[in-house]
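Notes follow the structure.
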Amino acid sequence: MNYTYITDFYKSRENRIGSSDIPALIPHPVRKSESLAGYERTAITVYEEKTEITKREPAGFSARVGNDIEGLPLRYFIEEHENKDVARDFYKGYILCKIEKETKSDGLIDCSAFNNTDYKHNTESMNDFGVAHADCLYVGKKPFIIEAKSAQFWSVKRKEDLYVGYDFDLKDWQGIPLKHYFQIQFQMALYGVDTAYLALLYNTSEFHTWKIDGNKKHQADLLELAEYMKKCIDTKTPPKEKAMNASDIQKLYPIVLEDFRESVGKELEDAQRIAKEYTHAKQQIKQWELKERDCLDAMSVLLKDTREIKGLIGDELQTIAKWKDTGGAEKIVALSKIKKEWPEVYESLKDVHLIEYQKTDRKPEIKLRMG
């Protein structure tokens, strides 16, 4: 774990890539002209801000309110995961530190004096090219980061855009905006922790949290991206219009990797050939299944009410066909029905270890149908 207390927030971020800058460096997977950060922030605007070609507009009133109430979702999270006493002590130190900063013209104070719990505020972690300021860092037995967010309900609820907004039915990273996922992964990489939580206070009185596990591959790609941007800043070399190309996005973006990948070239040709052979094989199976059913029906006519029929084949009398009894045996009711209609029986089966869970597996499902 790597952290110190903030001394000069703006100086730390002056020539380094901050975790809040990361989403601006990544194009939106669908709206390629936009970054994940939105607000017309891109790799180019980050470069211009860091090299002082342009000045970033001061944060508006809504950003100020968000900053002012940042401590509340942190307090509520600590209450849920620890207790109210620890949450109160944390919040007291957090507010006193904030007020003390405002009394200083330069805002420079010793933040460590206001930290009296294992939940640390006003910390930072940096390397040669990146810096992160986690909203809260837990330094106990299993360290983690808490990222605090606040918003109005309808502005955060996920709509048609899969990559923006929150899904309150999901508990892990897939329920949060993609820009926050990358921001938090970057923080975890710099702080050296494996777990983070996003705590959202929304609709003035609703509270929800999501857990985000560290992904080393994504973190490595984000660090590489930040280092590239730092070189651009140091050498006064503007980055490409998009700091990441399509293959970079596919490497970084977990949903693309998990959900689909576009085949091109020889791979596409191979995929089409396999799909065509598969379609032909399926058609052959159906034709032979129909043929099998026709043969069984024809043999039934020959058998009639005789148990079996035989014939002299060569020099040997051989059985050609016979009736075979099917069904009539005992069978157990479907487990799903037992669980629904006789839950006490289901629990008893679990208690005596008569219910086994099959390991999940997967196999290709070829969807393309070719003639």
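Following the order of the structure tokens, first chain is A, next is B, and so on, with residues numbered from 1 inside each chain and ligands from 1 in the order they appear.
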
From segment 47-127 of chain A, collect each residue whose DSSP state is helix (DSSP H, G or I) and return the set as JSON, numbers by chain.
{"A": [47, 48, 49, 50, 61, 62, 63, 64, 65, 66, 67, 68, 71, 72, 73, 74, 75, 76, 77, 78, 79, 80, 81, 84, 85, 86, 87, 88, 89, 90, 91, 92, 93, 94, 95, 96, 97, 98, 99, 100, 101, 102, 103, 111, 112, 113, 114]}

Using only C-alpha atoms, find each residue of segment 187-244 of chain A with at least one atom at most 10 Å away from an atom of segment 156-165 of chain A; report its shortest atom-to-atom pair and that distance in Å (one decimal), sort the rows by chain and rising residue number, and return the result as a tab-separated table.
residue	atom	partner	partner_atom	distance
A:Leu200	CA	A:Val156	CA	9.7
A:Tyr202	CA	A:Val156	CA	8.1
A:Asn203	CA	A:Val156	CA	9.4

How would you write, as a list in words, the set of residues in segment 141-177 of chain A that DSSP gives as strand (DSSP E)?
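Going through segment 141-177 of chain A, the strand (DSSP E) residues come out as Phe144, Ile145, Ile146, Glu147, Ala148, Lys149, Ser150 and Ala151 of chain A.
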
Could you write those residues out with N, CA and C atoms, as a short mmCIF file (atom, residue, chain, number, x, y, z; two decimals), in the first residue's frame?
data_model
loop_
_atom_site.label_atom_id
_atom_site.label_comp_id
_atom_site.auth_asym_id
_atom_site.auth_seq_id
_atom_site.Cartn_x
_atom_site.Cartn_y
_atom_site.Cartn_z
N PHE A 144 -8.89 -1.06 1.44
CA PHE A 144 -9.72 -0.80 0.26
C PHE A 144 -9.95 0.70 0.13
N ILE A 145 -10.45 1.08 -1.03
CA ILE A 145 -10.74 2.48 -1.34
C ILE A 145 -12.25 2.68 -1.37
N ILE A 146 -12.70 3.85 -0.94
CA ILE A 146 -14.11 4.23 -1.10
C ILE A 146 -14.17 5.47 -1.97
N GLU A 147 -14.89 5.36 -3.07
CA GLU A 147 -15.11 6.51 -3.94
C GLU A 147 -16.53 7.02 -3.69
N ALA A 148 -16.65 8.27 -3.31
CA ALA A 148 -17.95 8.85 -2.96
C ALA A 148 -18.53 9.61 -4.15
N LYS A 149 -19.83 9.37 -4.42
CA LYS A 149 -20.53 10.08 -5.48
C LYS A 149 -21.89 10.53 -4.97
N SER A 150 -22.41 11.59 -5.56
CA SER A 150 -23.76 12.07 -5.22
C SER A 150 -24.40 12.61 -6.49
N ALA A 151 -25.71 12.41 -6.62
CA ALA A 151 -26.41 12.89 -7.81
C ALA A 151 -27.91 12.77 -7.59
#

Using atom CA of Lys120 of chain A and atom CA of Leu25 of chain A as the two end points, give the distance in Å to one decimal.
28.5 Å

Shell around Ile99 of chain A at 12 Å using only C-alpha atoms, local window under 4 positions removed, as a list in words
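So, after excluding close chain neighbours, the residues are Asp68, Lys92, Gly93, Tyr94, Ile95, Thr103, Lys104, Gly107, Leu108, Ile109, Cys111 and Phe114 of chain A.
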
Contacts of segment 41-48 of chain A at 7 Å (only C-alpha atoms; same-chain gap of 3+ positions) as a PyMOL selection string:
chain A and resi 24-25+35+37-38+51-54+233+238-239+241-243

Selected residues written out, all heavy atoms, as a JSON list (two decimals), in the first residue's frame:
[["chain", "number", "residue", "atom", "x", "y", "z"],
["A", 24, "ALA", "N", -11.17, 10.88, -19.62],
["A", 24, "ALA", "CA", -11.08, 11.81, -20.74],
["A", 24, "ALA", "C", -10.14, 11.29, -21.83],
["A", 24, "ALA", "O", -10.19, 11.76, -22.97],
["A", 24, "ALA", "CB", -10.60, 13.18, -20.25],
["A", 25, "LEU", "N", -9.30, 10.32, -21.50],
["A", 25, "LEU", "CA", -8.35, 9.80, -22.46],
["A", 25, "LEU", "C", -8.90, 8.63, -23.26],
["A", 25, "LEU", "O", -8.26, 8.14, -24.19],
["A", 25, "LEU", "CB", -7.07, 9.34, -21.74],
["A", 25, "LEU", "CG", -6.42, 10.33, -20.77],
["A", 25, "LEU", "CD1", -5.15, 9.73, -20.18],
["A", 25, "LEU", "CD2", -6.13, 11.65, -21.46],
["A", 35, "SER", "N", -15.41, 11.37, -25.35],
["A", 35, "SER", "CA", -14.67, 10.54, -24.41],
["A", 35, "SER", "C", -15.64, 10.00, -23.37],
["A", 35, "SER", "O", -16.79, 10.43, -23.29],
["A", 35, "SER", "CB", -13.57, 11.36, -23.71],
["A", 35, "SER", "OG", -14.16, 12.26, -22.77],
["A", 37, "ALA", "N", -15.44, 10.65, -20.35],
["A", 37, "ALA", "CA", -15.65, 11.73, -19.38],
["A", 37, "ALA", "C", -16.79, 12.65, -19.79],
["A", 37, "ALA", "O", -17.46, 13.24, -18.93],
["A", 37, "ALA", "CB", -14.38, 12.54, -19.21],
["A", 38, "GLY", "N", -17.03, 12.77, -21.09],
["A", 38, "GLY", "CA", -18.04, 13.72, -21.54],
["A", 38, "GLY", "C", -17.58, 15.15, -21.30],
["A", 38, "GLY", "O", -16.38, 15.42, -21.17],
["A", 51, "THR", "N", -0.35, 21.48, -20.26],
["A", 51, "THR", "CA", 0.73, 22.29, -20.83],
["A", 51, "THR", "C", 0.37, 23.78, -20.83],
["A", 51, "THR", "O", 1.09, 24.60, -21.41],
["A", 51, "THR", "CB", 1.03, 21.85, -22.28],
["A", 51, "THR", "OG1", -0.19, 21.87, -23.05],
["A", 51, "THR", "CG2", 1.61, 20.44, -22.30],
["A", 52, "GLU", "N", -0.76, 24.11, -20.20],
["A", 52, "GLU", "CA", -1.21, 25.49, -20.02],
["A", 52, "GLU", "C", -1.49, 26.21, -21.33],
["A", 52, "GLU", "O", -1.39, 27.44, -21.41],
["A", 52, "GLU", "CB", -0.21, 26.28, -19.18],
["A", 52, "GLU", "CG", -0.04, 25.72, -17.77],
["A", 52, "GLU", "CD", 0.83, 26.58, -16.88],
["A", 52, "GLU", "OE1", 1.56, 27.44, -17.43],
["A", 52, "GLU", "OE2", 0.77, 26.41, -15.66],
["A", 53, "ILE", "N", -1.82, 25.42, -22.36],
["A", 53, "ILE", "CA", -2.27, 26.05, -23.61],
["A", 53, "ILE", "C", -3.65, 26.66, -23.38],
["A", 53, "ILE", "O", -3.96, 27.75, -23.87],
["A", 53, "ILE", "CB", -2.32, 25.01, -24.75],
["A", 53, "ILE", "CG1", -0.90, 24.52, -25.05],
["A", 53, "ILE", "CG2", -2.98, 25.58, -26.00],
["A", 53, "ILE", "CD1", -0.83, 23.42, -26.08],
["A", 54, "THR", "N", -4.46, 25.94, -22.63],
["A", 54, "THR", "CA", -5.77, 26.46, -22.25],
["A", 54, "THR", "C", -5.96, 26.24, -20.75],
["A", 54, "THR", "O", -5.29, 25.40, -20.14],
["A", 54, "THR", "CB", -6.91, 25.74, -22.99],
["A", 54, "THR", "OG1", -6.87, 24.35, -22.67],
["A", 54, "THR", "CG2", -6.79, 25.92, -24.49],
["A", 233, "ILE", "N", 3.09, 15.42, -22.59],
["A", 233, "ILE", "CA", 3.12, 16.68, -21.86],
["A", 233, "ILE", "C", 4.56, 17.17, -21.70],
["A", 233, "ILE", "O", 4.86, 18.34, -21.95],
["A", 233, "ILE", "CB", 2.44, 16.52, -20.48],
["A", 233, "ILE", "CG1", 0.94, 16.24, -20.66],
["A", 233, "ILE", "CG2", 2.67, 17.74, -19.60],
["A", 233, "ILE", "CD1", 0.26, 15.71, -19.43],
["A", 238, "PRO", "N", 1.59, 16.98, -28.86],
["A", 238, "PRO", "CA", 0.17, 16.65, -28.71],
["A", 238, "PRO", "C", -0.09, 15.17, -28.97],
["A", 238, "PRO", "O", 0.52, 14.58, -29.87],
["A", 238, "PRO", "CB", -0.50, 17.52, -29.78],
["A", 238, "PRO", "CG", 0.47, 18.62, -30.04],
["A", 238, "PRO", "CD", 1.83, 18.02, -29.88],
["A", 239, "PRO", "N", -0.98, 14.58, -28.19],
["A", 239, "PRO", "CA", -1.31, 13.17, -28.42],
["A", 239, "PRO", "C", -2.12, 13.03, -29.69],
["A", 239, "PRO", "O", -2.58, 14.02, -30.26],
["A", 239, "PRO", "CB", -2.15, 12.81, -27.19],
["A", 239, "PRO", "CG", -2.78, 14.10, -26.79],
["A", 239, "PRO", "CD", -1.75, 15.16, -27.09],
["A", 241, "GLU", "N", -5.32, 12.27, -31.99],
["A", 241, "GLU", "CA", -6.68, 12.78, -31.76],
["A", 241, "GLU", "C", -7.41, 11.92, -30.74],
["A", 241, "GLU", "O", -8.12, 12.43, -29.89],
["A", 241, "GLU", "CB", -7.46, 12.81, -33.07],
["A", 241, "GLU", "CG", -8.84, 13.42, -32.92],
["A", 241, "GLU", "CD", -9.57, 13.52, -34.23],
["A", 241, "GLU", "OE1", -8.95, 13.24, -35.28],
["A", 241, "GLU", "OE2", -10.75, 13.87, -34.23],
["A", 242, "LYS", "N", -7.21, 10.62, -30.87],
["A", 242, "LYS", "CA", -7.70, 9.71, -29.84],
["A", 242, "LYS", "C", -6.48, 9.02, -29.25],
["A", 242, "LYS", "O", -5.69, 8.40, -29.97],
["A", 242, "LYS", "CB", -8.65, 8.66, -30.42],
["A", 242, "LYS", "CG", -9.97, 9.22, -30.93],
["A", 242, "LYS", "CD", -10.85, 8.09, -31.43],
["A", 242, "LYS", "CE", -12.21, 8.63, -31.88],
["A", 242, "LYS", "NZ", -12.15, 9.44, -33.08],
["A", 243, "ALA", "N", -6.30, 9.13, -27.98],
["A", 243, "ALA", "CA", -5.12, 8.54, -27.36],
["A", 243, "ALA", "C", -5.14, 7.02, -27.42],
["A", 243, "ALA", "O", -4.14, 6.37, -27.22],
["A", 243, "ALA", "CB", -5.01, 8.99, -25.90]]

Determine the nearest neighbour of Met370 of chain A from the options A:Tyr197, A:Phe77, A:Phe207, A:Tyr278, counting only C-alpha atoms.
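That would be A:Tyr278, the residue with the smallest distance to Met370 of chain A.
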
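Residue nearest Asp234 of chain A within the list A:Asn2, A:Gln283, A:Thr123, A:Asn15: A:Asn15 [criterion: smallest interatomic distance, only C-alpha atoms].
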
Which of A:Ile22, A:Ile285, A:Ile69, A:Cys136 sits closest to Leu223 of chain A [using only C-alpha atoms]
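Of the candidates, the smallest distance to Leu223 of chain A is held by A:Ile22.
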
With only C-alpha atoms as the counted atoms, please give the residues lying no more than 8 Å from Asp194 of chain A, apart from itself and same-chain residues fewer than 2 positions off, as a short mmCIF file (atom, residue, chain, number, x, y, z; two decimals) with all heavy atoms, in the first residue's frame.
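Wrote it out as around33.cif, contents follow:
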data_model
loop_
_atom_site.label_atom_id
_atom_site.label_comp_id
_atom_site.auth_asym_id
_atom_site.auth_seq_id
_atom_site.Cartn_x
_atom_site.Cartn_y
_atom_site.Cartn_z
N PRO A 143 -7.01 -3.62 3.19
CA PRO A 143 -7.23 -2.24 2.73
C PRO A 143 -8.15 -2.16 1.52
O PRO A 143 -8.19 -3.07 0.69
CB PRO A 143 -5.82 -1.77 2.36
CG PRO A 143 -4.89 -2.68 3.10
CD PRO A 143 -5.60 -4.00 3.15
N PHE A 144 -8.89 -1.06 1.44
CA PHE A 144 -9.72 -0.80 0.26
C PHE A 144 -9.95 0.70 0.13
O PHE A 144 -9.69 1.47 1.07
CB PHE A 144 -11.05 -1.55 0.33
CG PHE A 144 -11.88 -1.28 1.56
CD1 PHE A 144 -12.65 -0.13 1.67
CD2 PHE A 144 -11.89 -2.19 2.62
CE1 PHE A 144 -13.42 0.12 2.80
CE2 PHE A 144 -12.65 -1.95 3.75
CZ PHE A 144 -13.42 -0.81 3.85
N MET A 188 -6.71 2.24 -7.60
CA MET A 188 -6.24 1.00 -6.95
C MET A 188 -4.82 0.67 -7.38
O MET A 188 -4.01 0.20 -6.57
CB MET A 188 -7.18 -0.15 -7.27
CG MET A 188 -8.50 -0.10 -6.53
SD MET A 188 -9.44 -1.66 -6.62
CE MET A 188 -10.15 -1.50 -8.25
N GLY A 192 -2.07 0.58 -4.57
CA GLY A 192 -1.64 -0.78 -4.28
C GLY A 192 -2.64 -1.56 -3.46
O GLY A 192 -2.26 -2.33 -2.58
N ALA A 196 -12.19 -1.95 -4.04
CA ALA A 196 -12.72 -0.60 -3.88
C ALA A 196 -14.24 -0.68 -3.83
O ALA A 196 -14.84 -1.67 -4.25
CB ALA A 196 -12.27 0.31 -5.01
N ASP A 213 -13.58 -5.07 -7.81
CA ASP A 213 -12.34 -5.82 -7.60
C ASP A 213 -11.27 -5.31 -8.56
O ASP A 213 -11.56 -4.92 -9.69
CB ASP A 213 -12.56 -7.32 -7.82
CG ASP A 213 -13.46 -7.93 -6.75
OD1 ASP A 213 -13.32 -7.53 -5.58
OD2 ASP A 213 -14.31 -8.77 -7.09
N GLY A 214 -10.03 -5.35 -8.11
CA GLY A 214 -8.93 -4.90 -8.95
C GLY A 214 -8.73 -5.83 -10.14
O GLY A 214 -8.83 -7.05 -10.02
#

Contacts of His121 of chain A at 10 Å (only C-alpha atoms; same-chain gap of 6+ positions) as a PDB file with C-alpha atoms, in the first residue's frame:
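Saved result, result.pdb, follows:
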ATOM      1  CA  TYR A   5      -1.316  12.837   3.131  1.00  0.00           C
ATOM      2  CA  ILE A   6      -2.079  15.657   0.737  1.00  0.00           C
ATOM      3  CA  GLY A  71     -18.239  13.232   3.317  1.00  0.00           C
ATOM      4  CA  LEU A  74     -18.353   8.093   3.185  1.00  0.00           C
ATOM      5  CA  PHE A  90     -14.085   9.936  10.763  1.00  0.00           C
ATOM      6  CA  TYR A  91     -16.655  12.528   9.738  1.00  0.00           C
ATOM      7  CA  GLY A  93     -11.995  14.814  11.358  1.00  0.00           C
ATOM      8  CA  TYR A  94     -13.046  15.115   7.728  1.00  0.00           C
ATOM      9  CA  CYS A  97      -9.889  19.332   8.050  1.00  0.00           C
ATOM     10  CA  CYS A 111      -4.043  16.676   7.007  1.00  0.00           C
ATOM     11  CA  SER A 112      -2.605  13.838   9.072  1.00  0.00           C
ATOM     12  CA  PHE A 114      -7.266  15.246  11.387  1.00  0.00           C
ATOM     13  CA  ASN A 115      -7.115  11.493  10.741  1.00  0.00           C
ATOM     14  CA  HIS A 133      -6.594  11.191  -4.499  1.00  0.00           C
ATOM     15  CA  ALA A 134      -8.931   8.560  -3.100  1.00  0.00           C
ATOM     16  CA  ASP A 135     -11.944   9.981  -1.276  1.00  0.00           C
ATOM     17  CA  CYS A 136     -11.294   7.510   1.534  1.00  0.00           C
ATOM     18  CA  LEU A 137      -8.672   4.818   2.147  1.00  0.00           C
ATOM     19  CA  TYR A 138      -9.199   2.040   4.678  1.00  0.00           C
ATOM     20  CA  ILE A 146     -14.111   4.226  -1.096  1.00  0.00           C
TER      21      ILE A 146
END

Using atom CA of Leu72 of chain A and atom CA of Leu201 of chain A as the two end points, give the distance in Å to one decimal.
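Value for the atom CA of Leu72 of chain A-atom CA of Leu201 of chain A distance: 7.9 Å.
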
Do a neighbour search on segment 17-19 of chain A at 9 Å with only C-alpha atoms, toss out local chain neighbours closer than 3 positions, and write the hits as a list in words.
Ser12, Arg13, Glu14, Ile22, Pro23, Val46, Lys50, Met126, Phe129, Gly130, Val131, Ala132, His133, Ala134, Phe182, Gln183, Ile184, Gln185, Phe186, Gln187, Ala226, Glu227, Met229 and Lys230 of chain A

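Nearest residue to Thr204 of chain A among A:Leu290, A:Ser105, A:Gln152, A:Leu335 is A:Gln152, counting only C-alpha atoms.
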
Which of A:Tyr228, A:Tyr3, A:Tyr181, A:Tyr346 sits closest to Leu36 of chain A [using only C-alpha atoms]
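Closest to Leu36 of chain A of all the choices is A:Tyr181.
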